[in-house]
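> The structure file entry19.cif (mmCIF, C-alpha atoms) is provided below.
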data_coords
#
loop_
_atom_site.label_atom_id
_atom_site.label_comp_id
_atom_site.auth_asym_id
_atom_site.auth_seq_id
_atom_site.Cartn_x
_atom_site.Cartn_y
_atom_site.Cartn_z
CA MET A 1 -3.13 57.79 63.97
CA LYS A 2 -6.59 57.86 62.35
CA LYS A 3 -7.19 61.36 63.69
CA PHE A 4 -3.75 62.43 62.50
CA SER A 5 -4.44 61.00 59.02
CA ALA A 6 -7.75 62.82 58.84
CA ILE A 7 -6.15 66.10 59.86
CA LEU A 8 -3.34 65.56 57.36
CA SER A 9 -5.84 64.87 54.57
CA ILE A 10 -7.71 68.08 55.35
CA PHE A 11 -4.44 70.02 55.41
CA VAL A 12 -3.40 68.56 52.03
CA LEU A 13 -6.83 69.34 50.59
CA ILE A 14 -6.74 72.95 51.76
CA SER A 15 -3.19 73.43 50.48
CA PHE A 16 -4.19 72.02 47.08
CA ILE A 17 -7.34 74.08 46.51
CA SER A 18 -6.50 76.66 43.85
CA SER A 19 -6.04 75.41 40.38
CA PHE A 20 -6.73 71.79 39.37
CA LYS A 21 -10.33 71.46 38.25
CA ILE A 22 -12.66 68.49 38.05
CA ASN A 23 -15.63 70.70 37.29
CA ALA A 24 -15.26 73.24 40.12
CA VAL A 25 -12.79 71.62 42.55
CA SER A 26 -9.22 72.89 42.36
CA PHE A 27 -5.73 71.80 43.41
CA THR A 28 -2.32 73.37 42.99
CA PRO A 29 1.33 72.28 43.14
CA ASN A 30 3.62 73.16 46.04
CA SER A 31 6.33 74.85 43.96
CA GLU A 32 6.20 78.47 42.84
CA ILE A 33 4.89 79.11 39.35
CA TYR A 34 6.52 82.20 37.84
CA SER A 35 4.42 82.68 34.68
CA GLU A 36 1.65 85.23 34.95
CA ALA A 37 -0.88 83.03 33.14
CA VAL A 38 -0.98 79.24 32.82
CA TYR A 39 -3.26 76.57 31.37
CA LEU A 40 -2.44 72.85 31.73
CA LYS A 41 -4.82 70.34 30.17
CA ASN A 42 -4.81 66.55 30.04
CA LEU A 43 -5.35 65.64 26.39
CA ASP A 44 -6.64 62.15 27.21
CA THR A 45 -9.54 63.17 29.44
CA GLY A 46 -9.96 66.84 28.57
CA GLU A 47 -9.57 67.82 32.24
CA VAL A 48 -7.88 71.08 33.15
CA ILE A 49 -5.24 70.09 35.69
CA TYR A 50 -3.94 73.55 36.53
CA GLN A 51 -4.81 77.09 35.59
CA LYS A 52 -3.64 80.45 36.77
CA ASN A 53 -5.10 83.68 35.38
CA ALA A 54 -6.13 81.58 32.40
CA ASP A 55 -8.51 84.23 31.05
CA LYS A 56 -6.25 87.22 31.64
CA LYS A 57 -5.25 89.01 28.44
CA GLU A 58 -1.53 88.79 27.67
CA TYR A 59 0.68 89.48 24.66
CA PRO A 60 1.29 86.25 22.70
CA ALA A 61 4.65 87.19 21.14
CA SER A 62 5.70 84.47 18.69
CA LEU A 63 3.00 82.08 19.87
CA THR A 64 1.08 84.03 17.23
CA LYS A 65 2.82 81.87 14.64
CA ILE A 66 0.72 78.87 15.72
CA MET A 67 -2.34 80.54 14.21
CA THR A 68 -0.32 81.47 11.13
CA ALA A 69 0.63 77.79 10.76
CA ILE A 70 -3.03 76.74 11.06
CA LEU A 71 -4.12 78.93 8.15
CA VAL A 72 -1.20 77.84 5.99
CA LEU A 73 -1.94 74.16 6.56
CA GLU A 74 -5.63 74.68 5.85
CA ASN A 75 -5.06 76.69 2.67
CA VAL A 76 -2.06 75.04 1.03
CA ASP A 77 -2.71 71.50 -0.20
CA ASP A 78 0.90 70.50 -0.86
CA ILE A 79 3.38 72.29 1.40
CA ASP A 80 6.28 70.18 0.13
CA ASN A 81 6.02 71.22 -3.51
CA THR A 82 4.33 74.62 -3.34
CA MET A 83 6.99 77.25 -4.02
CA VAL A 84 6.72 80.84 -2.83
CA THR A 85 8.80 83.89 -3.76
CA ALA A 86 9.32 86.32 -0.89
CA PRO A 87 7.92 89.78 -1.73
CA PRO A 88 10.39 92.53 -0.71
CA TYR A 89 7.75 94.69 1.03
CA VAL A 90 7.22 92.23 3.90
CA PHE A 91 10.80 92.85 5.07
CA ASP A 92 10.23 96.58 5.54
CA GLU A 93 8.19 96.08 8.71
CA LEU A 94 10.92 93.92 10.24
CA TYR A 95 13.89 96.16 9.43
CA LYS A 96 15.88 97.09 12.56
CA THR A 97 13.33 95.52 14.93
CA GLY A 98 15.63 92.72 16.10
CA ALA A 99 13.04 90.21 14.93
CA SER A 100 14.10 86.56 14.91
CA THR A 101 14.90 85.27 11.44
CA ALA A 102 15.89 82.20 9.45
CA ASP A 103 17.64 84.37 6.84
CA PHE A 104 15.00 84.15 4.13
CA ARG A 105 15.73 87.02 1.74
CA PRO A 106 13.73 89.32 -0.57
CA ASN A 107 12.80 87.55 -3.82
CA GLU A 108 14.07 84.22 -2.47
CA THR A 109 12.03 81.25 -3.65
CA ALA A 110 11.40 78.55 -1.06
CA SER A 111 8.90 75.80 -0.43
CA VAL A 112 6.05 76.37 1.99
CA LYS A 113 7.47 73.47 3.97
CA ASP A 114 10.85 75.21 4.38
CA LEU A 115 9.12 78.44 5.39
CA MET A 116 6.97 76.57 7.92
CA TYR A 117 9.96 74.92 9.56
CA GLY A 118 11.81 78.23 9.66
CA MET A 119 8.77 79.94 11.21
CA ILE A 120 7.98 77.33 13.88
CA LEU A 121 11.44 76.08 14.85
CA GLN A 122 13.54 79.22 14.61
CA SER A 123 10.58 81.58 15.03
CA ALA A 124 11.43 83.36 11.78
CA CYS A 125 9.28 86.47 11.51
CA GLU A 126 10.04 87.00 7.83
CA ALA A 127 8.85 83.45 7.11
CA ALA A 128 5.53 84.22 8.82
CA SER A 129 5.05 87.36 6.74
CA ILE A 130 5.99 85.62 3.49
CA LEU A 131 3.46 82.87 4.21
CA ALA A 132 0.81 85.41 5.23
CA ASP A 133 1.27 87.33 1.97
CA TYR A 134 0.98 84.10 -0.05
CA VAL A 135 -2.13 82.72 1.69
CA GLY A 136 -3.66 86.20 1.86
CA GLY A 137 -3.42 86.54 -1.91
CA GLY A 138 -0.80 89.28 -1.72
CA SER A 139 -2.27 90.98 1.34
CA VAL A 140 -0.95 90.44 4.87
CA SER A 141 -3.86 92.47 6.27
CA LYS A 142 -6.32 90.08 4.62
CA PHE A 143 -4.45 87.21 6.21
CA VAL A 144 -4.67 88.88 9.63
CA GLN A 145 -8.43 89.12 9.20
CA MET A 146 -8.45 85.41 8.42
CA MET A 147 -6.53 84.82 11.66
CA ASN A 148 -9.13 86.68 13.71
CA ASP A 149 -12.02 84.97 11.96
CA LYS A 150 -10.44 81.60 12.67
CA ALA A 151 -9.84 82.44 16.33
CA LYS A 152 -13.49 83.35 16.81
CA SER A 153 -14.69 80.23 15.00
CA LEU A 154 -12.60 78.10 17.38
CA GLY A 155 -14.03 79.84 20.43
CA ALA A 156 -10.92 81.89 21.22
CA THR A 157 -13.04 84.98 21.80
CA SER A 158 -10.52 86.86 23.97
CA THR A 159 -7.87 86.88 21.24
CA ASN A 160 -7.03 89.52 18.66
CA PHE A 161 -4.27 89.48 16.05
CA THR A 162 -2.75 92.45 14.22
CA ASN A 163 0.17 90.67 12.53
CA PRO A 164 1.17 87.09 11.60
CA HIS A 165 4.54 86.96 13.42
CA GLY A 166 3.93 88.23 16.96
CA LEU A 167 6.02 91.40 17.15
CA PHE A 168 4.63 93.73 19.76
CA ASP A 169 1.38 95.55 19.17
CA GLU A 170 -0.75 96.61 22.12
CA ASN A 171 -3.84 95.48 20.21
CA GLN A 172 -2.50 91.96 19.71
CA TYR A 173 -3.43 89.82 22.69
CA THR A 174 -4.65 86.41 23.78
CA THR A 175 -5.18 84.36 26.95
CA ALA A 176 -3.67 81.11 28.15
CA HIS A 177 -7.04 79.44 27.70
CA ASP A 178 -7.50 80.77 24.17
CA MET A 179 -3.98 79.78 23.18
CA ALA A 180 -4.67 76.24 24.41
CA ILE A 181 -7.81 76.13 22.25
CA ILE A 182 -5.87 77.34 19.21
CA THR A 183 -2.98 74.94 19.78
CA GLU A 184 -5.15 71.91 20.38
CA TYR A 185 -6.83 72.61 17.07
CA ALA A 186 -3.47 73.02 15.36
CA MET A 187 -2.39 69.64 16.74
CA SER A 188 -5.36 68.04 15.00
CA LEU A 189 -4.10 69.16 11.59
CA SER A 190 -1.95 66.99 9.37
CA ARG A 191 1.75 67.92 9.44
CA PHE A 192 1.56 70.37 12.38
CA ASN A 193 2.93 68.00 15.03
CA GLU A 194 5.53 66.72 12.60
CA ILE A 195 6.86 70.25 12.23
CA ALA A 196 6.35 71.57 15.75
CA ASP A 197 8.03 68.59 17.43
CA THR A 198 11.14 68.57 15.23
CA LYS A 199 14.41 69.55 16.94
CA THR A 200 16.39 70.59 13.83
CA TYR A 201 15.63 70.93 10.14
CA THR A 202 17.81 71.62 7.10
CA ILE A 203 16.60 74.12 4.54
CA GLY A 204 17.99 73.36 1.11
CA PRO A 205 19.84 75.73 -1.29
CA SER A 206 17.81 78.35 -3.12
CA ASN A 207 18.26 81.19 -5.57
CA LYS A 208 19.58 83.29 -2.66
CA HIS A 209 21.51 80.61 -0.74
CA SER A 210 24.08 78.39 -2.40
CA GLN A 211 24.42 76.17 0.65
CA PRO A 212 21.85 74.48 2.88
CA ARG A 213 21.30 75.86 6.37
CA THR A 214 19.98 74.30 9.55
CA VAL A 215 17.34 75.75 11.85
CA SER A 216 16.88 74.58 15.44
CA HIS A 217 13.89 74.61 17.72
CA THR A 218 13.93 77.48 20.21
CA ASN A 219 12.45 75.23 22.90
CA LEU A 220 15.62 74.34 24.82
CA MET A 221 13.73 71.61 26.68
CA LEU A 222 14.07 69.46 23.55
CA ASP A 223 17.88 69.51 23.41
CA LYS A 224 19.91 67.60 25.96
CA VAL A 225 23.14 69.41 25.06
CA LYS A 226 21.92 72.98 24.53
CA GLY A 227 19.12 72.78 27.04
CA GLY A 228 21.26 71.96 30.06
CA GLU A 229 19.15 72.31 33.21
CA TYR A 230 16.08 72.99 31.09
CA TYR A 231 16.23 69.70 29.19
CA TYR A 232 13.15 67.55 29.75
CA PRO A 233 12.99 64.16 28.02
CA TYR A 234 9.18 63.88 27.90
CA VAL A 235 8.45 67.21 26.23
CA LYS A 236 7.54 67.91 22.60
CA GLY A 237 7.74 71.26 20.73
CA ILE A 238 5.62 73.33 20.21
CA LYS A 239 6.43 77.06 20.19
CA THR A 240 8.26 79.66 22.24
CA GLY A 241 7.72 83.42 22.28
CA THR A 242 9.69 86.21 23.90
CA LEU A 243 9.24 89.98 24.01
CA ASP A 244 10.04 92.61 26.61
CA GLU A 245 6.34 93.37 26.81
CA ALA A 246 5.22 89.71 26.74
CA GLY A 247 7.87 88.09 28.89
CA ARG A 248 8.82 84.49 28.15
CA CYS A 249 5.97 82.44 26.69
CA LEU A 250 5.77 78.76 25.86
CA VAL A 251 3.33 76.28 24.37
CA SER A 252 4.45 72.68 24.75
CA SER A 253 3.15 69.16 25.15
CA ALA A 254 4.51 66.20 27.07
CA SER A 255 3.82 62.47 27.26
CA LYS A 256 4.76 59.91 29.89
CA ASP A 257 3.36 56.53 30.96
CA GLY A 258 0.32 56.92 28.74
CA TYR A 259 -0.57 60.41 29.99
CA ASN A 260 -0.52 63.33 27.56
CA TYR A 261 -0.63 67.03 28.44
CA LEU A 262 -0.79 70.40 26.72
CA LEU A 263 0.67 73.39 28.56
CA VAL A 264 0.49 77.12 27.86
CA THR A 265 2.54 79.56 29.96
CA LEU A 266 2.47 83.30 29.31
CA ASN A 267 4.52 86.23 30.59
CA ALA A 268 7.20 84.58 32.70
CA PRO A 269 10.00 86.91 33.89
CA LEU A 270 12.92 87.45 31.53
CA LYS A 271 15.58 87.76 34.25
CA ASP A 272 16.23 86.74 37.83
CA ALA A 273 16.67 89.10 40.77
CA ASN A 274 20.31 89.67 39.80
CA GLY A 275 19.50 90.69 36.24
CA ASN A 276 20.66 87.42 34.69
CA ASN A 277 18.69 85.79 31.88
CA LYS A 278 16.46 83.07 33.29
CA TYR A 279 14.09 80.81 31.38
CA TYR A 280 11.29 80.72 33.88
CA ASN A 281 8.92 79.47 31.19
CA PHE A 282 10.92 76.24 30.91
CA MET A 283 11.22 76.00 34.68
CA ASP A 284 7.46 76.32 35.07
CA ALA A 285 6.88 73.68 32.40
CA ILE A 286 9.16 71.15 34.12
CA THR A 287 7.56 71.88 37.50
CA LEU A 288 4.03 71.43 36.22
CA TYR A 289 4.71 68.37 34.10
CA GLU A 290 6.56 66.62 36.91
CA TRP A 291 3.74 67.45 39.32
CA ALA A 292 1.08 66.16 36.93
CA PHE A 293 2.92 62.94 36.04
CA LYS A 294 3.82 62.18 39.64
CA TYR A 295 0.63 62.93 41.50
CA PHE A 296 -2.31 62.53 39.11
CA LYS A 297 -3.56 59.14 38.02
CA ASN A 298 -6.73 58.22 36.20
CA THR A 299 -8.89 56.91 39.05
CA VAL A 300 -12.33 55.28 38.96
CA LEU A 301 -14.41 57.25 41.44
CA LEU A 302 -17.73 55.55 40.70
CA GLN A 303 -18.61 52.21 39.11
CA SER A 304 -21.83 51.80 37.13
CA SER A 305 -22.21 48.31 38.62
CA GLU A 306 -22.14 49.60 42.20
CA GLU A 307 -25.39 49.24 44.18
CA VAL A 308 -25.94 52.53 45.98
CA GLY A 309 -29.46 52.16 47.38
CA GLU A 310 -32.93 50.68 46.96
CA VAL A 311 -36.41 51.99 46.23
CA PRO A 312 -39.66 50.38 47.57
CA VAL A 313 -41.90 48.92 44.83
CA ARG A 314 -45.67 48.48 45.10
CA PHE A 315 -47.62 45.67 43.37
CA SER A 316 -44.46 43.62 42.83
CA SER A 317 -44.82 39.95 41.99
CA GLY A 318 -41.53 39.28 43.80
CA ASN A 319 -39.28 41.58 45.84
CA ASP A 320 -40.98 44.68 47.17
CA TYR A 321 -37.93 46.81 46.34
CA VAL A 322 -35.52 47.44 43.47
CA LEU A 323 -31.78 48.08 43.73
CA VAL A 324 -30.39 51.18 42.04
CA CYS A 325 -26.96 51.85 40.55
CA PRO A 326 -25.31 54.73 38.63
CA LYS A 327 -26.24 55.01 34.97
CA GLU A 328 -22.57 55.39 34.09
CA SER A 329 -19.14 55.08 35.65
CA PHE A 330 -17.04 58.13 36.43
CA SER A 331 -13.28 58.39 36.45
CA ALA A 332 -11.02 61.40 36.72
CA LEU A 333 -7.42 62.40 37.18
CA TRP A 334 -7.12 62.26 40.93
CA PRO A 335 -4.22 63.35 43.16
CA SER A 336 -2.57 60.42 44.91
CA THR A 337 -2.16 62.59 48.02
CA LEU A 338 -5.92 62.81 48.55
CA ASP A 339 -7.97 59.77 49.64
CA THR A 340 -11.10 59.25 47.56
CA SER A 341 -13.01 58.72 50.83
CA ALA A 342 -13.03 62.52 51.07
CA ILE A 343 -15.66 62.51 48.31
CA GLN A 344 -19.21 62.95 49.61
CA ARG A 345 -22.11 61.15 47.94
CA VAL A 346 -25.42 62.99 47.90
CA ILE A 347 -28.19 60.57 46.91
CA ASN A 348 -31.78 61.50 46.06
CA LEU A 349 -34.15 58.59 45.41
CA GLU A 350 -37.84 58.19 44.64
CA GLN A 351 -39.80 57.47 47.82
CA GLU A 352 -41.74 54.64 46.17
CA VAL A 353 -42.53 53.42 42.65
CA ASP A 354 -45.17 51.16 41.13
CA ALA A 355 -44.41 47.94 39.29
CA PRO A 356 -43.66 47.19 36.56
CA VAL A 357 -40.14 48.64 36.71
CA LYS A 358 -37.85 48.21 33.73
CA LYS A 359 -34.11 47.72 34.04
CA GLY A 360 -32.49 51.14 33.50
CA ASP A 361 -35.50 53.22 34.59
CA LYS A 362 -34.42 56.45 36.27
CA LEU A 363 -35.18 56.34 40.00
CA GLY A 364 -33.05 59.17 41.33
CA THR A 365 -29.80 61.10 41.10
CA MET A 366 -26.44 61.15 42.85
CA GLU A 367 -23.83 63.89 43.16
CA LEU A 368 -20.19 63.38 44.02
CA LYS A 369 -18.98 66.38 46.01
CA LEU A 370 -15.72 67.57 47.46
CA SER A 371 -15.60 70.53 49.82
CA GLY A 372 -19.13 71.46 48.80
CA GLU A 373 -18.31 71.54 45.08
CA THR A 374 -19.90 69.10 42.65
CA LEU A 375 -17.48 66.78 40.85
CA PHE A 376 -20.04 64.73 38.96
CA LYS A 377 -23.80 64.25 38.77
CA VAL A 378 -25.35 61.05 37.49
CA ASP A 379 -28.79 59.45 37.20
CA LEU A 380 -29.52 56.44 39.39
CA VAL A 381 -31.32 53.67 37.55
CA ALA A 382 -32.96 50.33 38.32
CA LYS A 383 -30.40 47.53 38.33
CA ASP A 384 -33.02 44.92 37.37
CA GLY A 385 -36.63 44.84 36.24
CA VAL A 386 -39.56 44.13 38.57
CA GLU A 387 -42.75 42.47 37.28
CA ARG A 388 -46.22 43.52 38.41
CA SER A 389 -48.63 41.28 40.31
CA GLU A 390 -51.90 41.69 38.41
CA LEU A 391 -53.93 40.34 41.36
CA GLU A 392 -52.47 42.90 43.78
CA TYR A 393 -52.81 45.64 41.23
CA ASN A 394 -56.45 44.83 40.43
CA LEU A 395 -57.35 44.58 44.12
CA TYR A 396 -55.74 47.96 44.62
CA LEU A 397 -57.71 49.41 41.73
CA ALA A 398 -60.92 47.95 43.17
CA LYS A 399 -60.22 49.46 46.58
CA GLN A 400 -59.33 52.75 45.00
CA PHE A 401 -62.53 52.66 42.96
CA ILE A 402 -64.73 51.88 45.98
CA SER A 403 -63.10 54.57 48.09
CA SER A 404 -63.05 57.15 45.33
CA THR A 405 -65.20 60.27 45.43
CA TRP A 406 -66.53 59.43 42.00
CA PHE A 407 -67.74 56.02 43.14
CA LYS A 408 -69.34 57.49 46.26
CA ALA A 409 -71.01 60.16 44.19
CA THR A 410 -72.29 57.53 41.76
CA VAL A 411 -73.73 55.39 44.57
CA ALA A 412 -75.31 58.46 46.13
CA LEU A 413 -76.84 59.36 42.78
CA ILE A 414 -78.18 55.84 42.29
CA VAL A 415 -79.68 55.82 45.81
CA ALA A 416 -81.21 59.22 45.14
CA LEU A 417 -82.69 57.99 41.88
CA ILE A 418 -84.11 54.92 43.59
CA ILE A 419 -85.66 57.04 46.32
CA LEU A 420 -87.01 59.43 43.70
CA TYR A 421 -88.40 56.49 41.79
CA LEU A 422 -90.05 55.10 44.90
CA ILE A 423 -91.53 58.48 45.73
CA ILE A 424 -92.85 58.93 42.20
CA HIS A 425 -94.09 55.37 42.13
CA GLY A 426 -95.81 55.87 45.50
CA ILE A 427 -97.50 59.05 44.37
CA SER A 428 -98.61 57.41 41.15
CA SER A 429 -99.99 54.41 43.06
CA ARG A 430 -102.01 56.65 45.40
CA LYS A 431 -103.48 58.49 42.44
CA LYS A 432 -104.49 55.20 40.86
CA ARG A 433 -106.16 54.01 44.06
CA ARG A 434 -108.11 57.25 44.40
CA LYS A 435 -109.25 56.99 40.82
CA ILE A 436 -110.44 53.43 41.36
CA LYS A 437 -112.39 54.46 44.45
CA LYS A 438 -114.17 57.25 42.52
CA ILE A 439 -115.15 54.85 39.77
CA SER A 440 -116.47 52.38 42.31
CA LYS A 441 -118.64 55.05 43.99
CA ARG A 442 -120.22 56.07 40.64
CA ARG A 443 -121.20 52.52 39.92
CA GLN A 444 -122.92 52.24 43.26
CA PHE A 445 -125.27 55.07 42.28
#
Is it possible to express this structure as structure tokens?


Amino acid sequence: MKKFSAILSIFVLISFISSFKINAVSFTPNSEIYSEAVYLKNLDTGEVIYQKNADKKEYPASLTKIMTAILVLENVDDIDNTMVTAPPYVFDELYKTGASTADFRPNETASVKDLMYGMILQSACEAASILADYVGGGSVSKFVQMMNDKAKSLGATSTNFTNPHGLFDENQYTTAHDMAIITEYAMSLSRFNEIADTKTYTIGPSNKHSQPRTVSHTNLMLDKVKGGEYYYPYVKGIKTGTLDEAGRCLVSSASKDGYNYLLVTLNAPLKDANGNNKYYNFMDAITLYEWAFKYFKNTVLLQSSEEVGEVPVRFSSGNDYVLVCPKESFSALWPSTLDTSAIQRVINLEQEVDAPVKKGDKLGTMELKLSGETLFKVDLVAKDGVERSELEYNLYLAKQFISSTWFKATVALIVALIILYLIIHGISSRKKRRKIKKISKRRQF
């Protein structure tokens, strides 16, 4: 049974390697994912749980409106009470394109709030253009430049916008990764989540509408009645997008049991094999969310209190070794189908250190690896301090001094000087004796 379990674990590991990343290690769900590009991120830990062609350029369709919303929220202080009159020229571009609309009309005056709800929930293209004209100071092209500047400042460097609503333009593109960056930033702004997660919203009467009208979110996963098989109780907004050239696109978030995810799917098929409309973007979202919620749990893979080795210590006044432990703990979203014993620990320690050793001193490193890929690298530090024995240390210094080349050279020099002195002294003494003998001989005469 142990052999069978080991073989099964290896099989599961191999079948998972593809898309979940803790640093470089990847896993993937069993079910087919239809979208051409996908990016699924855990918002609690920042870990990318699944990605597929995440850096491949795709057409964003109406996901473009997320960036439009960002610039509106950053440039309009009071969206509730700021009123905007729709300039007629912005409707010219949309005429006979089949663009989605919330029935805002030329010269209609509406609040920025109403326009925002119409744009995000019902994907109203005219609302996006009206807002772009207002924030751009009467110039949609200026607003588009602001969109591109903002994308670059956020790090979405593989994204380019040519319009604020998302209608097809071959020069308007993004990636699943970039769209996740843009959306996560949008979610940090006041009012964005409030709008993007709303199922329905009522726009009040205006100078062009005598009666209020209701707009509904195009994400069918939010609506139990309209959504049918696509309804998913844990999902929130955020934005859909559909074009023949872009396929079905979706940016959504979901929360369950304390886990929160952001998902971007781009370019899912519009129809099934029989030519029937099929919302593969919603299907992919349910598949990926269910997989993430079911199989991935935040797991402690390394405790900072864990003793992982010891290092010999010279000149210690007590123990001649010090225990080492990780400088910090490490936890990650880990698949329940894979035993953590599959993780390899690669430890590199100092061969020996001299006392004193302070608690927390770095004494080595450790890597956690899976299938040859590094999950985590951490310093190994002294668990406790070690005092130095001054007697042992001084004896060592004395021995080192006596055996040192410098000491030997000094002794040799001293001996040489003594010998030289004796030689000089001997020569001087002989000269003195000769001198005395000469003097004695003179006196005899």

> Show me, as a list of chain:residue names, the residues that have an atom within 9 Å of Phe91 in chain A when counting all atoms listed in the file, minus same-chain residues fewer than 3 positions from it.

A:Ala86, A:Pro87, A:Pro88, A:Leu94, A:Tyr95, A:Arg105, A:Pro106, A:Glu126, A:Ser129, A:Ile130

> Of the candidates A:Val308, A:Leu73, A:Ala176, A:Leu263, which shows the shortest atom-to-atom distance to Thr157 in chain A, using all atoms listed in the file?

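Among the listed residues, A:Ala176 lies closest to Thr157 in chain A.
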
> Go through the shown structure with the PyMOL selection byres ((chain A and resi 276-281) around 12) and write out the matching residues as number ranges by chain.

A: 32-38, 218-221, 227-231, 239-242, 246-252, 263-275, 282-288

> In Å, rounded to a single decimal, give me how far CA of Ser216 in chain A is from CA of Tyr173 in chain A.

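Those two atoms sit 26.4 Å apart.
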
> As an exercise, work out the distance from CA of Thr405 in chain A to CA of Leu417 in chain A in Å and give it to one decimal place.

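Going from CA of Thr405 in chain A over to CA of Leu417 in chain A, I get 18.0 Å.
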
> Please provide the set of residues having any atom within 6 Å of range 343-359 of chain A, restricted to all atoms listed in the file, with same-chain residues fewer than 3 positions apart removed, written as JSON, numbers by chain.

{"A": [311, 312, 313, 314, 315, 316, 340, 363, 364, 365, 366, 367, 368, 369, 370, 382, 383, 384, 385, 386, 387, 388]}

> Applying the PyMOL selection byres ((chain A and resi 321-329) around 7) to the file I just gave you, which residues come out? Please list them as a list in words.

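What the PyMOL selection byres ((chain A and resi 321-329) around 7) grabs from the file is Leu302, Gln303, Ser304, Ser305, Glu306, Glu307, Val308, Gly309, Glu310, Val311, Pro312, Val313, Asn319, Asp320, Phe330, Ser331, Val378, Asp379, Leu380, Val381, Ala382 and Lys383 of chain A.
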
> Could you state the separation of CA of Thr45 in chain A and CA of Ile120 in chain A in Å, given to one decimal place?

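We find that CA of Thr45 in chain A and CA of Ile120 in chain A lie 27.4 Å from each other.
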
> Under the rule that only C-alpha atoms are counted, which of A:Val144, A:Ile195, A:Ala61, A:Leu262 is the nearest residue to Cys125 in chain A?

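Of all the options, A:Ala61 lies closest to Cys125 in chain A.
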
> On this structure, the PyMOL selection byres ((chain A and resi 261) around 7) would catch which residues? List them as a PDB file with C-alpha atoms, keeping the file's coordinate frame, sorted by chain and number.


ATOM      1  CA  LEU A  40      -2.440  72.850  31.730  1.00  0.00           C
ATOM      2  CA  LYS A  41      -4.820  70.340  30.170  1.00  0.00           C
ATOM      3  CA  ASN A  42      -4.810  66.550  30.040  1.00  0.00           C
ATOM      4  CA  LEU A  43      -5.350  65.640  26.390  1.00  0.00           C
ATOM      5  CA  SER A 253       3.150  69.160  25.150  1.00  0.00           C
ATOM      6  CA  ALA A 254       4.510  66.200  27.070  1.00  0.00           C
ATOM      7  CA  SER A 255       3.820  62.470  27.260  1.00  0.00           C
ATOM      8  CA  TYR A 259      -0.570  60.410  29.990  1.00  0.00           C
ATOM      9  CA  ASN A 260      -0.520  63.330  27.560  1.00  0.00           C
ATOM     10  CA  LEU A 262      -0.790  70.400  26.720  1.00  0.00           C
ATOM     11  CA  LEU A 263       0.670  73.390  28.560  1.00  0.00           C
TER      12      LEU A 263
END

> Restricting the calculation to all atoms listed in the file, which member of A:Ser429, A:Asn163, A:Ser206, A:Ser158 is positioned closest to Thr85 in chain A?

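Of all the options, A:Ser206 lies closest to Thr85 in chain A.
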
> As a PDB file, in the coordinates of the input, please: range 27-38 of chain A completed to N, CA and C atoms.


ATOM      1  N   PHE A  27      -6.943  72.155  42.671  1.00  0.00           N
ATOM      2  CA  PHE A  27      -5.730  71.800  43.410  1.00  0.00           C
ATOM      3  C   PHE A  27      -4.564  72.555  42.792  1.00  0.00           C
ATOM      4  N   THR A  28      -3.479  72.665  43.520  1.00  0.00           N
ATOM      5  CA  THR A  28      -2.320  73.370  42.990  1.00  0.00           C
ATOM      6  C   THR A  28      -1.028  72.729  43.483  1.00  0.00           C
ATOM      7  N   PRO A  29       0.053  72.847  42.712  1.00  0.00           N
ATOM      8  CA  PRO A  29       1.330  72.280  43.140  1.00  0.00           C
ATOM      9  C   PRO A  29       1.964  73.085  44.271  1.00  0.00           C
ATOM     10  N   ASN A  30       2.952  72.488  44.921  1.00  0.00           N
ATOM     11  CA  ASN A  30       3.620  73.160  46.040  1.00  0.00           C
ATOM     12  C   ASN A  30       4.606  74.223  45.561  1.00  0.00           C
ATOM     13  N   SER A  31       5.264  73.955  44.441  1.00  0.00           N
ATOM     14  CA  SER A  31       6.330  74.850  43.960  1.00  0.00           C
ATOM     15  C   SER A  31       5.771  76.140  43.382  1.00  0.00           C
ATOM     16  N   GLU A  32       6.598  77.181  43.396  1.00  0.00           N
ATOM     17  CA  GLU A  32       6.200  78.470  42.840  1.00  0.00           C
ATOM     18  C   GLU A  32       6.103  78.388  41.328  1.00  0.00           C
ATOM     19  N   ILE A  33       5.064  79.002  40.790  1.00  0.00           N
ATOM     20  CA  ILE A  33       4.890  79.110  39.350  1.00  0.00           C
ATOM     21  C   ILE A  33       5.094  80.579  38.974  1.00  0.00           C
ATOM     22  N   TYR A  34       6.091  80.835  38.128  1.00  0.00           N
ATOM     23  CA  TYR A  34       6.520  82.200  37.840  1.00  0.00           C
ATOM     24  C   TYR A  34       5.703  82.871  36.738  1.00  0.00           C
ATOM     25  N   SER A  35       5.166  82.101  35.802  1.00  0.00           N
ATOM     26  CA  SER A  35       4.420  82.680  34.680  1.00  0.00           C
ATOM     27  C   SER A  35       3.160  83.367  35.189  1.00  0.00           C
ATOM     28  N   GLU A  36       2.822  84.460  34.534  1.00  0.00           N
ATOM     29  CA  GLU A  36       1.650  85.230  34.950  1.00  0.00           C
ATOM     30  C   GLU A  36       0.344  84.493  34.643  1.00  0.00           C
ATOM     31  N   ALA A  37       0.324  83.756  33.538  1.00  0.00           N
ATOM     32  CA  ALA A  37      -0.880  83.030  33.140  1.00  0.00           C
ATOM     33  C   ALA A  37      -0.498  81.627  32.684  1.00  0.00           C
ATOM     34  N   VAL A  38      -1.300  80.643  33.105  1.00  0.00           N
ATOM     35  CA  VAL A  38      -0.980  79.240  32.820  1.00  0.00           C
ATOM     36  C   VAL A  38      -2.257  78.453  32.550  1.00  0.00           C
TER      37      VAL A  38
END
